[in-house]
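Colleague: Pasting in a structure now, in structure tokens, and then I'll have a few things to ask.
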Amino acid sequence: MSTVSTSKMAVKHALSLTILAECPTTKARVCKLVLPHHTVDTPVFMPVGTQGTLKGMLPAQLEELDCQIILGNTYHLGMRPGPELLDKADGLHNFMNWKRALLTDSGGFQMVSLLKLAEITEEGVKFQSPHDGREMLLTPEHSMAIQNSIGADIMMQLDDVVHSTTKGPRVEEAMYRSIRWLDRCMKAHKRTDCQNLFGIVQGGLDPELRKICVQEMTKRDLPGFAIGGLSGGEEKTHFWRMVHLSTDYLPKNKPRYLMGVGYAVDLVVCSALGCDMYDCVFPTRTARFGSALVPTGQLPLKNKQYARDFRPIDENCRCSTCARYTRAYLHSIATQETVACHLVTVHNIAYQMNLMRCLRQSILEGRFPQFVQEFMDTMYPSKNYPEWVVEALAAVNINLQKSQSHQDTPLENANTCS
Amino acid sequence: MMKVLLSNVVNGCRVGSITEVGRHGNRVLEFPGCLLYTRCGSAPHLTHDVLQKLDTLPVGVQLTLPTLAEQHNVVKDFQHGIGKFTGMEDSFLYCSVQDPAVREATGYNFNKGVSVWGSGGRIKLEVADFMSIQKAFCPDWYQCLCDGDTVSSDTSNKRVRKSVDRTLNFLDKCLEIHQDSQELKASEILGVIEGGDLWEERLRSARETCKRPVAGFVLDGFQSFAMERETRKNLLTAVLEVLPEDKPRIIHAVSRPDEVLEAVECGIDFFDSSFPYQVTERGCALVFPFSKKSDVCEETMIQSSDDASKETTENQPCQGSNEGTQSQKTEFEMDLNNRQKYAQDFRPVLPGCSCYCCQNHSRAYIHHLLQTGELLARVLLMMHNFHHYFGFFTAIRESLHQGTFQELKAIVTQRTK
């Protein structure tokens, strides 16, 4: 079986992307992404199930919440249970009994962020195993092999990740190395018929480097591309510009995956900028700390102020947690019982799914700019929108009404789709 | 008004149902049966939705006061009772004074009241406090305030007598308040039989408690570690003979399958489900057989007794932490932490089991979840363990209706060849 040759040959990818609607004002679009295990509606938020489980959620619960695709982490799964066991189990889908779509990242980011002594060479990433202290090496080839064993619908190249606040020649070095590693990944990837390899655009916060990277990577005929190296603490004003630039140069007919983004405001803005897919641990992680997501921000339920708050987390939310439990009850069990984590996790996932569903619906119905305005007004009732949000939206022709209006007519909650 | 319908008494075992019971007026509690064990008003690890995936849920739910007492004032302000506060308003609610999964610390009760241990530490409950809580909670049944601190081996006879005296005193005082209370009109109070391991005291407690207008009886202080098996059996039989037939009998912390069967033979009606919770906490799964049908795997039973440590329940650590659940494994369970056995075993936990866990996941996956410290491990194990345990009680009732109880007992308590 031949592997990928020149970009001029049409290679059959294991996915198809159909654009259903495009916002005439911004770069937002709604697509149908058909993957081997499931069809996904984009823009999509993908919850993260690091170790082959989404923190206490049954696969059935995720299906009930309309999750169409979730993430697994190659670094963690490569350690435990390991590729040999995953081969025996016939892939992660079978092992965890998740019938819908999966995406695995390459392991690179985890290593750099989790490990103290990770040394990056041309060969790969050298590090010390946190379990037994052995020296290990993660190469592009090895990452492909583990990801092939995992068997996710979408897999990510091993990239040379630099922290988004890094400056200097290291950024350029990492960008070019990521391209070389992409080629090695493409060569090593053994299951192009059922797994889609995405390239990851790097280049830090340097527009020139980003541009070069996008142009180079898109010469390779890949099923999709990710925008990496952002959402790591850099200033938002740089963040959005890199996203905007990347989506300007990335092909329209392929999915664009913005890695590590999951805050509601970011999801809305970056969808306006033309991104299709997102992942982030934030909603599920913050749930376990007792923090519930609402259209106006977050409720830190452990806080004493909720002890006698007998309302549900969100009166307009239709999730099973809001149907039955009060903030007061959740507050009472927040540090005591694991059920608290699960209840808030269900709600937070429902919140994210609902947000994206409403966002998609508004694009389909040609009223995305209104959706954005309402969303921002709910999030920032006194209209103190962050500067970067105003700029980013302005760049795609949405001008947020900044003027103070004195008798506000009650706006519809941006979290219901009507 | 509740009706106890005794279908049969077979060699001491009672089988039947209680109808028209509780605030809803239409619940039916079958016995011998168990109550769903909860902490802070929720089944451990299981949200309401996930709980509903268990198809053999008991009608009765046990609320454990130590895990809820701290919410007293909040529930009072809530004004809709503990059922609605905890998302359990459709269930039949029984409130117990102590937590059967955790051993009470000794030496903390006093003449005017008892101590329960909440997450924030010791809570002293006198009659007034206790009744105030019940008025805010409005459960269907509640165990009366009682002094059950008689289970440690060095309890003196004098101390045992005191526990009987105090408990009767609490009962009288609680009844007074109960009978005057609007809030508790739809709730019933259960009397508590104390007396440690002293024959005369147990009978005294039973006879005296019977004289009061209680809706049923709780047999307290009979935990595994409190006394020898024979002693428990004899005391229970004697006490239960004195109690009226038409009132339910509940026992706490006698929850292991073999203990349950013995207690059924003595005449106990209701048990708690703390045992499946303890098994879950140590990463184990209940696999003991209770049927001759193929859905119970004999091979598993043999395997599980390989990993069971010596059968002992003596070393139950004390109150104050969940370490109480890390007690010794029994021969009724298999240890999914065992890497050698289960890391690559892709069969369900119990082949043939119809629970969500066994229908959807493998031993290897659960082992992986345990190794990686993932929350889902205990969600799945709790689902399976409850399912298995509730199935066991169904089997008990069936065997009593069909006259095959002794056979059931033999199957459950079999040792390997």
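In the structure tokens, each chain is lettered A, B, ... as it comes, each chain's residues begin at 1, and ligands are numbered from 1 in order of appearance.
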Can you tell me, as a list in words, what residues are no more than 7 Å from range 15-29 of chain B when counting only C-alpha atoms, ignoring any on the same chain fewer than 3 positions away?
Modeller: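 The neighbour list is Met1, Met2, Lys3, Val4, Leu5, Leu6, Ser7, Asn8, Val9, Pro32, Val59, Gly60, Phe92, Asp140, Ala186, Arg397 and Leu400 of chain B.
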Colleague: Can you write out the residues you just picked, keeping N, CA, C and O atoms, as a short mmCIF file (atom, residue, chain, number, x, y, z; two decimals), in the first residue's frame?
Modeller:
data_model
loop_
_atom_site.label_atom_id
_atom_site.label_comp_id
_atom_site.auth_asym_id
_atom_site.auth_seq_id
_atom_site.Cartn_x
_atom_site.Cartn_y
_atom_site.Cartn_z
N MET B 1 -52.10 4.61 56.36
CA MET B 1 -51.41 3.85 57.41
C MET B 1 -50.74 2.62 56.81
O MET B 1 -51.34 1.91 56.02
N MET B 2 -49.52 2.38 57.18
CA MET B 2 -48.80 1.31 56.50
C MET B 2 -49.28 -0.07 56.92
O MET B 2 -49.72 -0.29 58.04
N LYS B 3 -49.18 -0.97 55.98
CA LYS B 3 -49.64 -2.34 56.23
C LYS B 3 -48.47 -3.29 56.00
O LYS B 3 -47.84 -3.27 54.94
N VAL B 4 -48.24 -4.13 56.98
CA VAL B 4 -47.20 -5.14 56.80
C VAL B 4 -47.88 -6.44 56.44
O VAL B 4 -48.65 -6.99 57.22
N LEU B 5 -47.60 -6.90 55.23
CA LEU B 5 -48.23 -8.14 54.77
C LEU B 5 -47.20 -9.26 54.79
O LEU B 5 -46.31 -9.31 53.95
N LEU B 6 -47.36 -10.11 55.74
CA LEU B 6 -46.40 -11.20 55.88
C LEU B 6 -46.90 -12.38 55.05
O LEU B 6 -47.91 -12.97 55.36
N SER B 7 -46.17 -12.67 53.97
CA SER B 7 -46.62 -13.78 53.13
C SER B 7 -46.36 -15.11 53.77
O SER B 7 -47.10 -16.05 53.62
N ASN B 8 -45.22 -15.17 54.44
CA ASN B 8 -44.82 -16.46 54.94
C ASN B 8 -43.74 -16.31 56.00
O ASN B 8 -42.98 -15.35 55.99
N VAL B 9 -43.70 -17.29 56.87
CA VAL B 9 -42.53 -17.36 57.75
C VAL B 9 -42.01 -18.78 57.61
O VAL B 9 -42.71 -19.75 57.89
N PRO B 32 -37.50 -9.94 52.65
CA PRO B 32 -36.26 -9.26 53.03
C PRO B 32 -35.75 -8.34 51.91
O PRO B 32 -35.82 -8.70 50.74
N VAL B 59 -36.72 0.29 46.57
CA VAL B 59 -37.66 1.39 46.75
C VAL B 59 -37.18 2.31 47.88
O VAL B 59 -37.36 3.52 47.84
N GLY B 60 -36.58 1.71 48.88
CA GLY B 60 -36.16 2.46 50.06
C GLY B 60 -34.74 2.98 49.96
O GLY B 60 -33.84 2.28 49.52
N PHE B 92 -38.56 6.53 48.82
CA PHE B 92 -38.97 6.30 50.20
C PHE B 92 -37.72 6.50 51.05
O PHE B 92 -36.71 5.84 50.84
N ASP B 140 -39.52 9.59 55.56
CA ASP B 140 -40.67 8.71 55.77
C ASP B 140 -40.53 7.96 57.09
O ASP B 140 -41.45 7.88 57.88
N ALA B 186 -46.44 12.97 58.63
CA ALA B 186 -46.37 11.87 57.66
C ALA B 186 -45.14 10.99 57.86
O ALA B 186 -44.90 10.06 57.10
N ARG B 397 -35.69 -13.26 48.26
CA ARG B 397 -37.16 -13.25 48.32
C ARG B 397 -37.74 -14.40 47.49
O ARG B 397 -38.64 -15.11 47.92
N LEU B 400 -37.41 -17.68 49.20
CA LEU B 400 -38.35 -17.87 50.30
C LEU B 400 -39.74 -18.19 49.78
O LEU B 400 -40.46 -18.99 50.36
#
Colleague: Can you tell me which residues surround Leu36 in chain B at a distance of at most 7 Å, considering only C-alpha atoms, apart from same-chain residues fewer than 2 positions away, and format the answer as number ranges by chain?
Modeller: B: 34, 38, 58, 60-62, 272-273
Colleague: Given the selection you just returned, output its residues as a file containing all heavy atoms, formatted as a CSV table (one decimal), in the first residue's frame.
Modeller:
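The resulting file, part.csv, is shown below:
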chain,number,residue,atom,x,y,z
B,34,CYS,N,-33.1,-4.6,50.9
B,34,CYS,CA,-32.1,-3.7,51.4
B,34,CYS,C,-32.5,-2.3,51.0
B,34,CYS,O,-33.3,-2.0,50.1
B,34,CYS,CB,-30.7,-4.1,50.9
B,34,CYS,SG,-30.5,-3.8,49.1
B,38,THR,N,-26.6,5.8,51.0
B,38,THR,CA,-26.3,7.1,50.4
B,38,THR,C,-25.3,7.8,51.3
B,38,THR,O,-25.3,7.6,52.5
B,38,THR,CB,-27.5,8.0,50.2
B,38,THR,OG1,-28.1,8.3,51.4
B,38,THR,CG2,-28.5,7.3,49.3
B,58,PRO,N,-33.7,-0.6,44.9
B,58,PRO,CA,-34.7,-0.7,46.0
B,58,PRO,C,-35.5,0.5,46.1
B,58,PRO,O,-35.1,1.6,45.7
B,58,PRO,CB,-33.8,-0.9,47.2
B,58,PRO,CG,-32.4,-0.6,46.8
B,58,PRO,CD,-32.3,-0.5,45.3
B,60,GLY,N,-36.6,1.7,48.9
B,60,GLY,CA,-36.2,2.5,50.1
B,60,GLY,C,-34.7,3.0,50.0
B,60,GLY,O,-33.8,2.3,49.5
B,61,VAL,N,-34.6,4.2,50.4
B,61,VAL,CA,-33.2,4.9,50.4
B,61,VAL,C,-32.8,5.2,51.8
B,61,VAL,O,-33.6,5.7,52.6
B,61,VAL,CB,-33.3,6.2,49.6
B,61,VAL,CG1,-32.1,7.0,49.8
B,61,VAL,CG2,-33.5,5.9,48.1
B,62,GLN,N,-31.6,4.9,52.2
B,62,GLN,CA,-31.1,5.2,53.5
B,62,GLN,C,-30.3,6.4,53.5
B,62,GLN,O,-29.3,6.5,52.9
B,62,GLN,CB,-30.3,4.0,54.1
B,62,GLN,CG,-29.7,4.4,55.4
B,62,GLN,CD,-28.9,3.2,56.0
B,62,GLN,OE1,-28.9,2.1,55.4
B,62,GLN,NE2,-28.4,3.4,57.2
B,272,ASP,N,-28.9,-2.7,55.2
B,272,ASP,CA,-28.4,-1.5,54.4
B,272,ASP,C,-27.5,-2.1,53.3
B,272,ASP,O,-27.2,-3.3,53.3
B,272,ASP,CB,-27.6,-0.6,55.3
B,272,ASP,CG,-26.4,-1.2,56.0
B,272,ASP,OD1,-25.4,-1.6,55.2
B,272,ASP,OD2,-26.3,-1.4,57.2
B,273,SER,N,-27.1,-1.2,52.4
B,273,SER,CA,-26.2,-1.7,51.3
B,273,SER,C,-24.8,-1.0,51.4
B,273,SER,O,-24.3,-0.6,50.4
B,273,SER,CB,-26.9,-1.4,49.9
B,273,SER,OG,-27.4,-0.1,49.8
Colleague: Can you check which residues of chain A have any atom within 7 Å of chain B? Use only C-alpha atoms and format it as a list in words.
Modeller: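 Filtering chain A at 7 Å from chain B with only C-alpha atoms gives Lys55, Gly56, Met57, Pro81, Leu85, Phe95, Met96, Asn97, Arg308, Arg324, Tyr325, Tyr329, Ile333, Thr338, Val339, His342 and Leu343 of chain A.
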Colleague: Just to be explicit: take each residue in the selection above, keep N, CA, C and O atoms, and write the result as a short mmCIF file (atom, residue, chain, number, x, y, z; two decimals), in the first residue's frame.
Modeller:
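Written out: out_7.cif:
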data_model
loop_
_atom_site.label_atom_id
_atom_site.label_comp_id
_atom_site.auth_asym_id
_atom_site.auth_seq_id
_atom_site.Cartn_x
_atom_site.Cartn_y
_atom_site.Cartn_z
N LYS A 55 -13.31 11.80 32.75
CA LYS A 55 -13.47 12.09 34.17
C LYS A 55 -14.82 11.74 34.78
O LYS A 55 -15.61 12.59 35.12
N GLY A 56 -15.08 10.47 34.92
CA GLY A 56 -16.27 10.05 35.64
C GLY A 56 -17.53 9.95 34.81
O GLY A 56 -18.58 9.56 35.32
N MET A 57 -17.43 10.26 33.53
CA MET A 57 -18.62 10.16 32.68
C MET A 57 -18.70 8.81 32.00
O MET A 57 -17.71 8.32 31.44
N PRO A 81 -2.70 2.53 29.12
CA PRO A 81 -2.26 1.16 29.27
C PRO A 81 -1.11 0.74 28.36
O PRO A 81 -0.63 -0.36 28.45
N LEU A 85 -1.16 -3.18 24.79
CA LEU A 85 -2.49 -3.54 25.30
C LEU A 85 -3.58 -2.98 24.40
O LEU A 85 -4.58 -3.64 24.13
N PHE A 95 -11.56 -0.32 23.66
CA PHE A 95 -11.09 -0.43 25.04
C PHE A 95 -11.97 0.37 25.99
O PHE A 95 -12.30 -0.07 27.07
N MET A 96 -12.36 1.58 25.58
CA MET A 96 -13.18 2.40 26.47
C MET A 96 -14.66 2.37 26.09
O MET A 96 -15.49 3.00 26.74
N ASN A 97 -14.97 1.64 25.03
CA ASN A 97 -16.34 1.51 24.55
C ASN A 97 -16.97 2.86 24.20
O ASN A 97 -18.08 3.18 24.60
N ARG A 308 -27.14 28.76 50.52
CA ARG A 308 -28.60 28.80 50.59
C ARG A 308 -29.22 29.27 49.28
O ARG A 308 -30.33 29.79 49.25
N ARG A 324 -32.68 18.84 38.48
CA ARG A 324 -32.95 18.19 39.76
C ARG A 324 -32.24 18.80 40.96
O ARG A 324 -32.70 18.64 42.09
N TYR A 325 -31.13 19.44 40.74
CA TYR A 325 -30.29 19.85 41.88
C TYR A 325 -30.14 21.35 41.99
O TYR A 325 -30.05 22.05 41.00
N TYR A 329 -27.43 22.48 47.17
CA TYR A 329 -27.07 21.08 47.37
C TYR A 329 -25.66 20.82 46.83
O TYR A 329 -24.85 20.16 47.48
N ILE A 333 -22.19 19.36 48.85
CA ILE A 333 -21.43 18.13 48.61
C ILE A 333 -20.12 18.37 47.87
O ILE A 333 -19.38 17.43 47.60
N THR A 338 -17.80 12.46 45.32
CA THR A 338 -17.43 12.53 43.90
C THR A 338 -18.64 12.88 43.03
O THR A 338 -18.47 13.41 41.94
N VAL A 339 -19.84 12.57 43.54
CA VAL A 339 -21.04 12.89 42.76
C VAL A 339 -21.07 14.37 42.40
O VAL A 339 -21.54 14.75 41.34
N HIS A 342 -19.28 14.89 39.23
CA HIS A 342 -20.00 14.36 38.08
C HIS A 342 -21.15 15.27 37.69
O HIS A 342 -21.39 15.53 36.51
N LEU A 343 -21.87 15.75 38.70
CA LEU A 343 -23.02 16.61 38.42
C LEU A 343 -22.59 17.90 37.73
O LEU A 343 -23.24 18.35 36.78
#
Colleague: Could you pull out all residues of range 271-361 of chain A with a DSSP call of strand (DSSP E) and give them as a ChimeraX atom specification?
Modeller: /A:277-280,291-294,297-300
Colleague: Got time to write the residues from that selection, all heavy atoms, as a PDB file, in the first residue's frame?
Modeller:
ATOM      1  N   MET A 277     -12.752  23.560  15.006  1.00  0.00           N
ATOM      2  CA  MET A 277     -12.658  22.557  16.081  1.00  0.00           C
ATOM      3  C   MET A 277     -11.824  23.110  17.227  1.00  0.00           C
ATOM      4  O   MET A 277     -10.849  23.842  16.995  1.00  0.00           O
ATOM      5  CB  MET A 277     -11.974  21.292  15.553  1.00  0.00           C
ATOM      6  CG  MET A 277     -12.663  20.693  14.338  1.00  0.00           C
ATOM      7  SD  MET A 277     -11.613  19.477  13.503  1.00  0.00           S
ATOM      8  CE  MET A 277     -11.546  18.203  14.747  1.00  0.00           C
ATOM      9  N   TYR A 278     -12.228  22.719  18.436  1.00  0.00           N
ATOM     10  CA  TYR A 278     -11.553  23.203  19.634  1.00  0.00           C
ATOM     11  C   TYR A 278     -11.471  22.082  20.662  1.00  0.00           C
ATOM     12  O   TYR A 278     -12.337  21.216  20.718  1.00  0.00           O
ATOM     13  CB  TYR A 278     -12.323  24.359  20.268  1.00  0.00           C
ATOM     14  CG  TYR A 278     -12.676  25.467  19.327  1.00  0.00           C
ATOM     15  CD1 TYR A 278     -13.880  25.449  18.635  1.00  0.00           C
ATOM     16  CD2 TYR A 278     -11.807  26.535  19.134  1.00  0.00           C
ATOM     17  CE1 TYR A 278     -14.211  26.478  17.763  1.00  0.00           C
ATOM     18  CE2 TYR A 278     -12.132  27.562  18.269  1.00  0.00           C
ATOM     19  CZ  TYR A 278     -13.334  27.533  17.585  1.00  0.00           C
ATOM     20  OH  TYR A 278     -13.662  28.542  16.729  1.00  0.00           O
ATOM     21  N   ASP A 279     -10.453  22.160  21.528  1.00  0.00           N
ATOM     22  CA  ASP A 279     -10.396  21.249  22.668  1.00  0.00           C
ATOM     23  C   ASP A 279      -9.858  22.027  23.864  1.00  0.00           C
ATOM     24  O   ASP A 279      -9.080  22.960  23.683  1.00  0.00           O
ATOM     25  CB  ASP A 279      -9.453  20.071  22.395  1.00  0.00           C
ATOM     26  CG  ASP A 279      -7.999  20.442  22.630  1.00  0.00           C
ATOM     27  OD1 ASP A 279      -7.427  21.158  21.776  1.00  0.00           O
ATOM     28  OD2 ASP A 279      -7.428  20.052  23.682  1.00  0.00           O
ATOM     29  N   CYS A 280     -10.243  21.614  25.040  1.00  0.00           N
ATOM     30  CA  CYS A 280      -9.703  22.257  26.245  1.00  0.00           C
ATOM     31  C   CYS A 280     -10.085  21.459  27.473  1.00  0.00           C
ATOM     32  O   CYS A 280     -11.212  20.954  27.534  1.00  0.00           O
ATOM     33  CB  CYS A 280     -10.260  23.677  26.365  1.00  0.00           C
ATOM     34  SG  CYS A 280      -9.420  24.685  27.581  1.00  0.00           S
ATOM     35  N   SER A 291     -16.691  24.403  39.988  1.00  0.00           N
ATOM     36  CA  SER A 291     -17.014  25.641  39.305  1.00  0.00           C
ATOM     37  C   SER A 291     -17.912  25.362  38.111  1.00  0.00           C
ATOM     38  O   SER A 291     -17.554  24.582  37.234  1.00  0.00           O
ATOM     39  CB  SER A 291     -15.715  26.317  38.851  1.00  0.00           C
ATOM     40  OG  SER A 291     -15.981  27.617  38.441  1.00  0.00           O
ATOM     41  N   ALA A 292     -19.088  25.999  38.076  1.00  0.00           N
ATOM     42  CA  ALA A 292     -20.073  25.733  37.036  1.00  0.00           C
ATOM     43  C   ALA A 292     -20.088  26.859  36.020  1.00  0.00           C
ATOM     44  O   ALA A 292     -20.025  28.035  36.382  1.00  0.00           O
ATOM     45  CB  ALA A 292     -21.454  25.585  37.664  1.00  0.00           C
ATOM     46  N   LEU A 293     -20.199  26.499  34.748  1.00  0.00           N
ATOM     47  CA  LEU A 293     -20.197  27.503  33.683  1.00  0.00           C
ATOM     48  C   LEU A 293     -21.611  27.991  33.418  1.00  0.00           C
ATOM     49  O   LEU A 293     -22.554  27.205  33.332  1.00  0.00           O
ATOM     50  CB  LEU A 293     -19.611  26.894  32.405  1.00  0.00           C
ATOM     51  CG  LEU A 293     -18.175  26.372  32.530  1.00  0.00           C
ATOM     52  CD1 LEU A 293     -17.717  25.731  31.220  1.00  0.00           C
ATOM     53  CD2 LEU A 293     -17.225  27.503  32.908  1.00  0.00           C
ATOM     54  N   VAL A 294     -21.742  29.292  33.309  1.00  0.00           N
ATOM     55  CA  VAL A 294     -23.049  29.904  33.031  1.00  0.00           C
ATOM     56  C   VAL A 294     -22.846  30.996  31.989  1.00  0.00           C
ATOM     57  O   VAL A 294     -21.707  31.435  31.787  1.00  0.00           O
ATOM     58  CB  VAL A 294     -23.676  30.501  34.309  1.00  0.00           C
ATOM     59  CG1 VAL A 294     -24.134  29.395  35.248  1.00  0.00           C
ATOM     60  CG2 VAL A 294     -22.708  31.430  35.024  1.00  0.00           C
ATOM     61  N   GLY A 297     -20.622  33.769  32.998  1.00  0.00           N
ATOM     62  CA  GLY A 297     -19.266  33.463  33.466  1.00  0.00           C
ATOM     63  C   GLY A 297     -19.208  32.149  34.216  1.00  0.00           C
ATOM     64  O   GLY A 297     -19.514  31.099  33.660  1.00  0.00           O
ATOM     65  N   GLN A 298     -18.796  32.213  35.470  1.00  0.00           N
ATOM     66  CA  GLN A 298     -18.653  30.990  36.271  1.00  0.00           C
ATOM     67  C   GLN A 298     -19.246  31.177  37.652  1.00  0.00           C
ATOM     68  O   GLN A 298     -19.201  32.273  38.206  1.00  0.00           O
ATOM     69  CB  GLN A 298     -17.159  30.691  36.510  1.00  0.00           C
ATOM     70  CG  GLN A 298     -16.403  30.153  35.337  1.00  0.00           C
ATOM     71  CD  GLN A 298     -14.971  29.866  35.721  1.00  0.00           C
ATOM     72  OE1 GLN A 298     -14.719  29.066  36.609  1.00  0.00           O
ATOM     73  NE2 GLN A 298     -14.026  30.525  35.084  1.00  0.00           N
ATOM     74  N   LEU A 299     -19.743  30.076  38.218  1.00  0.00           N
ATOM     75  CA  LEU A 299     -20.187  30.086  39.607  1.00  0.00           C
ATOM     76  C   LEU A 299     -19.270  29.187  40.418  1.00  0.00           C
ATOM     77  O   LEU A 299     -19.284  27.975  40.235  1.00  0.00           O
ATOM     78  CB  LEU A 299     -21.614  29.548  39.728  1.00  0.00           C
ATOM     79  CG  LEU A 299     -22.722  30.174  38.897  1.00  0.00           C
ATOM     80  CD1 LEU A 299     -24.041  29.465  39.214  1.00  0.00           C
ATOM     81  CD2 LEU A 299     -22.840  31.668  39.192  1.00  0.00           C
ATOM     82  N   PRO A 300     -18.472  29.749  41.309  1.00  0.00           N
ATOM     83  CA  PRO A 300     -17.625  28.891  42.149  1.00  0.00           C
ATOM     84  C   PRO A 300     -18.457  28.312  43.285  1.00  0.00           C
ATOM     85  O   PRO A 300     -18.528  28.865  44.371  1.00  0.00           O
ATOM     86  CB  PRO A 300     -16.562  29.868  42.651  1.00  0.00           C
ATOM     87  CG  PRO A 300     -17.223  31.217  42.625  1.00  0.00           C
ATOM     88  CD  PRO A 300     -18.310  31.189  41.596  1.00  0.00           C
TER      89      PRO A 300
END
Colleague: As a list in words, please: the residues near Ile179 in chain A (cut-off 10 Å, only C-alpha atoms, same-chain neighbours under 5 positions excluded).
Modeller: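 The filter keeps Gln157, Leu158, Asp159, Asp160, Ala174, Arg184, Cys185, Gly199, Ile200, Val201, Gln202, Cys213, Val214, Glu216, Met217 and Arg220 of chain A.
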